[in-house]
Amino acid sequence: MAKLGDDRRVQWVRNGCGCLFAALALLFGVAASVVALASVGLVFGITLFRGGRIVRRALDVSRVRAERRLESAQARRGAMVARTHDWLRKVQGTLRALASSADVDPTATEAAAAGAEVLQGLRDSLDSTRSARGQFKGGHVPIVGGNADAISKRLGGELKPYSWTPAHLIPGRLRGAATQTSMVIDEIRVLHNAEIERSVLLLTLVSRAVLILLAPMLGGWIIADTPVVDTGSIANLAWLLAALTSLGTMLAAARVVEKAMSDTEQGFRFRRRLLQIEVPVALAVLLLQPVWTVAIFAAGWTNWWQRQTPALAFDWRKLAIFAAAVSGLQAVGLSLQSVPPGPAAVEICATLLVMAVTGASYGAMLPLTVATAIGVVVGDSARSIRVARAARTELLSCSRQLATVAATIDAAAPELPLARNAASMARKGGENLEHEADLFGRRGVLAKQVLVDLFDQAIVQSTLNRPDSRQHRVASEAAAAAGDLPPPYAMEPILGGLVLAQVPQKRDAYVLQRFLVNALNEASTHGTEGVRVLVRLRDERLIVTVGNLPKTDGVGAASEGREILEHYAAKLPEGRLTEPLGLRPSEAVGSSLPGRWWVAEVECSVTVLSVPL
């Protein structure tokens, strides 16, 4: 209680300083415009920067953001390498098997060992970034922003939620950009906390009182009629009500701010009473005294109304309604005073701007807000590009080394099935690495949108081979020579009547393609024989099933593969994995063969497709 009393006394002193300064300045004949600027500036400085509140908060946020950026850089690098994990283990195992063989030319075994070592470097890189990637959902690291929640939690708070956002009103093509924009806004919002919000609310109460009380002497600042001097008795009554109300809330600012910032039933009732008092006065002011020095009274309206939500959450709808109401009513008021459209627009813009600076935390912190936005957009983009280029260089280097390994093995032991298979796997591994490196900057363009082409593309990009390919024949011969199960191969997908269906949105096409590639790679790792892909519609849902016979009854996806599949499934419209990856009855893939199959299955809304009639 003592601390609360101290805070109240400090607030009274601050408010008193502003009022006393204004009164003395006017008494000594200082121009009203100078008094208004100096009073608002004085209170602005005392309110916001007492004790370095904003500076301290900005420094803390900057420190934690720098730490988070290091983690996101590691996660982004690991995410690029993680795309290769499905076949990485398989190629490395084949090369190690050749390297440990005693019946192969030493040149081939040395080359195989070198290739396995190259791949081990990638796997070590993947393991070292696992912790960083685990901090991002599904290992997906945004290019710009995405750190706000983590920064807030590390500073001992929570990012204040929105009570409503207009996401469902944004066209599908623009939602990705809208999401990215909201991430940047969140990076700015993290600068804000309850202490700063309380200070800015104090600034609102003091600054609007100073401007309204001095409005009759600030005719040089406005375009419309000067209050009291040029307006009639009814308009003067509206100004007087606004002046008395703003003066009363300023003098009781400590109590008003304390109750208005309270997320309780008492706080709700207090804000409702303020709205009942101030909104009618604000409406009268906007119509009868539409100059910005008086119209700023409406800043109280938006402050009390915005906080009439659970947890005092911000509501975009309320902001839009408030801005439209203020602009519309003020335009009517200016029209009644015969102010031309151009000057009227300037007056309205001045009103909204002053409200933003004195009535909103981010407006009050405008220089810091702009600097943070630029720093996040430019800084994060540059770091993302540098990290992606470094990962791309690493993948291309490994690709070239695997190509050299394949050529060396072919030349040293061309007749041995084990060596031919190792060379084939190393060559395809190098091609896959090159392909993953080439995806940088061209992801959306690479995804086919006709369903049959998309599935064909996914098979080509996976570790599977077609059953009639030379690579599969070599792998089969090597497996037979080693006494292993036959290697898996890609069967033609069963699309039914969806052969010519399209995925209209490039983003959805890319996500579906990446899900298929990873599901096929998991089938290649955990199964044997033909990999069946079955596509069907059921209850307005698109279901895609990938499965083949398991190598062992204990087969199951590693956590890395499962997390990636869950990530891509969740990015499809209403998408999800139907069941955990693993063994399921053969009916799941439409097979009449007995036994269980290894299955990965995703379902999503049928709206992802456009089916020609």
# chains A, B, ... in the order shown; residues from 1 in each chain; ligands from 1
>>> select_by_dssp(residues="stretch 192-252 of chain A", states="helix (DSSP H, G or I)", output="VMD selection string")
chain A and resid 194 to 217 219 to 221 233 to 251
>>> atom_distance(atom1="atom CA of A:Ala501", atom2="atom CA of A:Asn465")
24.7 Å
>>> closest_residue(among="A:Leu244, A:Val279, A:Leu542, A:Leu577", to="A:Val210", atoms="only C-alpha atoms")
A:Leu244
>>> atom_distance(atom1="atom CA of A:Glu540", atom2="atom CA of A:Pro493")
20.7 Å
>>> closest_residue(among="A:Leu433, A:Val606, A:Leu498, A:Leu202", to="A:Glu258", atoms="only C-alpha atoms")
A:Leu202
>>> residues_around(residues="A:Lys259", least_positions_apart="6", cutoff="9 Å", atoms="only C-alpha atoms", output="list of chain:residue names")
A:Gln266, A:Gly267, A:Phe268, A:Phe270, A:Arg271
>>> write_last_selection(atoms="C-alpha atoms", output="PDB file, in the first residue's frame")
ATOM      1  CA  GLN A 266     -14.942  -3.306 -10.792  1.00  0.00           C
ATOM      2  CA  GLY A 267     -12.610  -2.122 -13.534  1.00  0.00           C
ATOM      3  CA  PHE A 268     -15.148  -3.144 -16.191  1.00  0.00           C
ATOM      4  CA  PHE A 270     -15.617   1.870 -14.015  1.00  0.00           C
ATOM      5  CA  ARG A 271     -14.720   1.944 -17.716  1.00  0.00           C
TER       6      ARG A 271
END
>>> closest_residue(among="A:Ala79, A:Leu312, A:Ala570, A:Leu70", to="A:Ala391", atoms="only C-alpha atoms")
A:Ala79
>>> residues_around(residues="stretch 227-242 of chain A", least_positions_apart="3", cutoff="9 Å", atoms="only C-alpha atoms", output="tab-separated table (two decimals) with N, CA and C atoms, in the first residue's frame")
chain	number	residue	atom	x	y	z
A	209	ALA	N	-6.23	17.32	-21.78
A	209	ALA	CA	-6.73	18.42	-20.93
A	209	ALA	C	-6.03	19.73	-21.29
A	212	ILE	N	-7.30	20.93	-24.85
A	212	ILE	CA	-8.71	21.36	-24.85
A	212	ILE	C	-8.86	22.68	-24.10
A	213	LEU	N	-8.23	22.80	-22.94
A	213	LEU	CA	-8.35	24.02	-22.15
A	213	LEU	C	-7.75	25.22	-22.88
A	215	ALA	N	-7.52	25.44	-26.20
A	215	ALA	CA	-8.02	25.48	-27.58
A	215	ALA	C	-8.53	26.86	-28.00
A	216	PRO	N	-9.24	27.60	-27.14
A	216	PRO	CA	-9.71	28.93	-27.58
A	216	PRO	C	-8.59	29.90	-27.92
A	217	MET	N	-7.37	29.63	-27.42
A	217	MET	CA	-6.23	30.52	-27.70
A	217	MET	C	-5.29	29.95	-28.76
A	218	LEU	N	-5.68	28.84	-29.40
A	218	LEU	CA	-4.81	28.19	-30.39
A	218	LEU	C	-5.41	28.28	-31.80
A	219	GLY	N	-6.02	29.42	-32.10
A	219	GLY	CA	-6.65	29.58	-33.41
A	219	GLY	C	-5.68	29.44	-34.56
A	224	ALA	N	-10.64	25.19	-38.91
A	224	ALA	CA	-12.05	25.48	-38.66
A	224	ALA	C	-12.20	26.62	-37.66
A	245	THR	N	-14.63	17.72	-18.19
A	245	THR	CA	-14.41	16.28	-18.07
A	245	THR	C	-12.93	15.94	-18.15
A	246	SER	N	-12.23	16.51	-19.12
A	246	SER	CA	-10.80	16.22	-19.26
A	246	SER	C	-10.01	16.75	-18.08
A	247	LEU	N	-10.42	17.92	-17.54
A	247	LEU	CA	-9.74	18.45	-16.36
A	247	LEU	C	-9.96	17.55	-15.16
A	278	GLU	N	-18.31	10.03	-21.31
A	278	GLU	CA	-17.47	10.66	-22.32
A	278	GLU	C	-17.97	10.51	-23.75
A	281	VAL	N	-20.33	13.27	-24.87
A	281	VAL	CA	-19.59	14.52	-24.99
A	281	VAL	C	-18.71	14.50	-26.23
A	282	ALA	N	-18.06	13.36	-26.50
A	282	ALA	CA	-17.20	13.24	-27.69
A	282	ALA	C	-18.02	13.41	-28.97
A	284	ALA	N	-20.80	15.12	-29.33
A	284	ALA	CA	-21.15	16.53	-29.44
A	284	ALA	C	-19.96	17.37	-29.90
A	285	VAL	N	-18.79	17.08	-29.36
A	285	VAL	CA	-17.57	17.82	-29.73
A	285	VAL	C	-17.25	17.63	-31.20
A	287	LEU	N	-19.16	16.99	-33.66
A	287	LEU	CA	-20.13	17.66	-34.54
A	287	LEU	C	-20.10	19.18	-34.38
A	288	LEU	N	-19.89	19.67	-33.17
A	288	LEU	CA	-20.02	21.10	-32.90
A	288	LEU	C	-18.70	21.83	-32.75
A	289	GLN	N	-17.65	21.12	-32.32
A	289	GLN	CA	-16.31	21.71	-32.17
A	289	GLN	C	-15.30	20.78	-32.84
A	291	VAL	N	-12.56	20.98	-34.42
A	291	VAL	CA	-11.12	21.26	-34.55
A	291	VAL	C	-10.34	20.19	-33.80
A	294	VAL	N	-9.78	20.09	-29.92
A	294	VAL	CA	-10.88	19.68	-29.06
A	294	VAL	C	-11.30	18.25	-29.35
A	297	PHE	N	-10.42	14.99	-27.49
A	297	PHE	CA	-11.16	14.47	-26.34
A	297	PHE	C	-11.59	13.02	-26.56
>>> atom_distance(atom1="atom CA of A:Ala419", atom2="atom CA of A:Ser476")
12.5 Å
>>> select_by_dssp(residues="stretch 537-581 of chain A", states="strand (DSSP E or B)", output="list of chain:residue names")
A:Leu537, A:Arg538, A:Arg541, A:Leu542, A:Ile543, A:Val544, A:Thr545, A:Val546, A:Gly547, A:Asn548, A:Leu549, A:Pro550, A:Arg576, A:Leu577
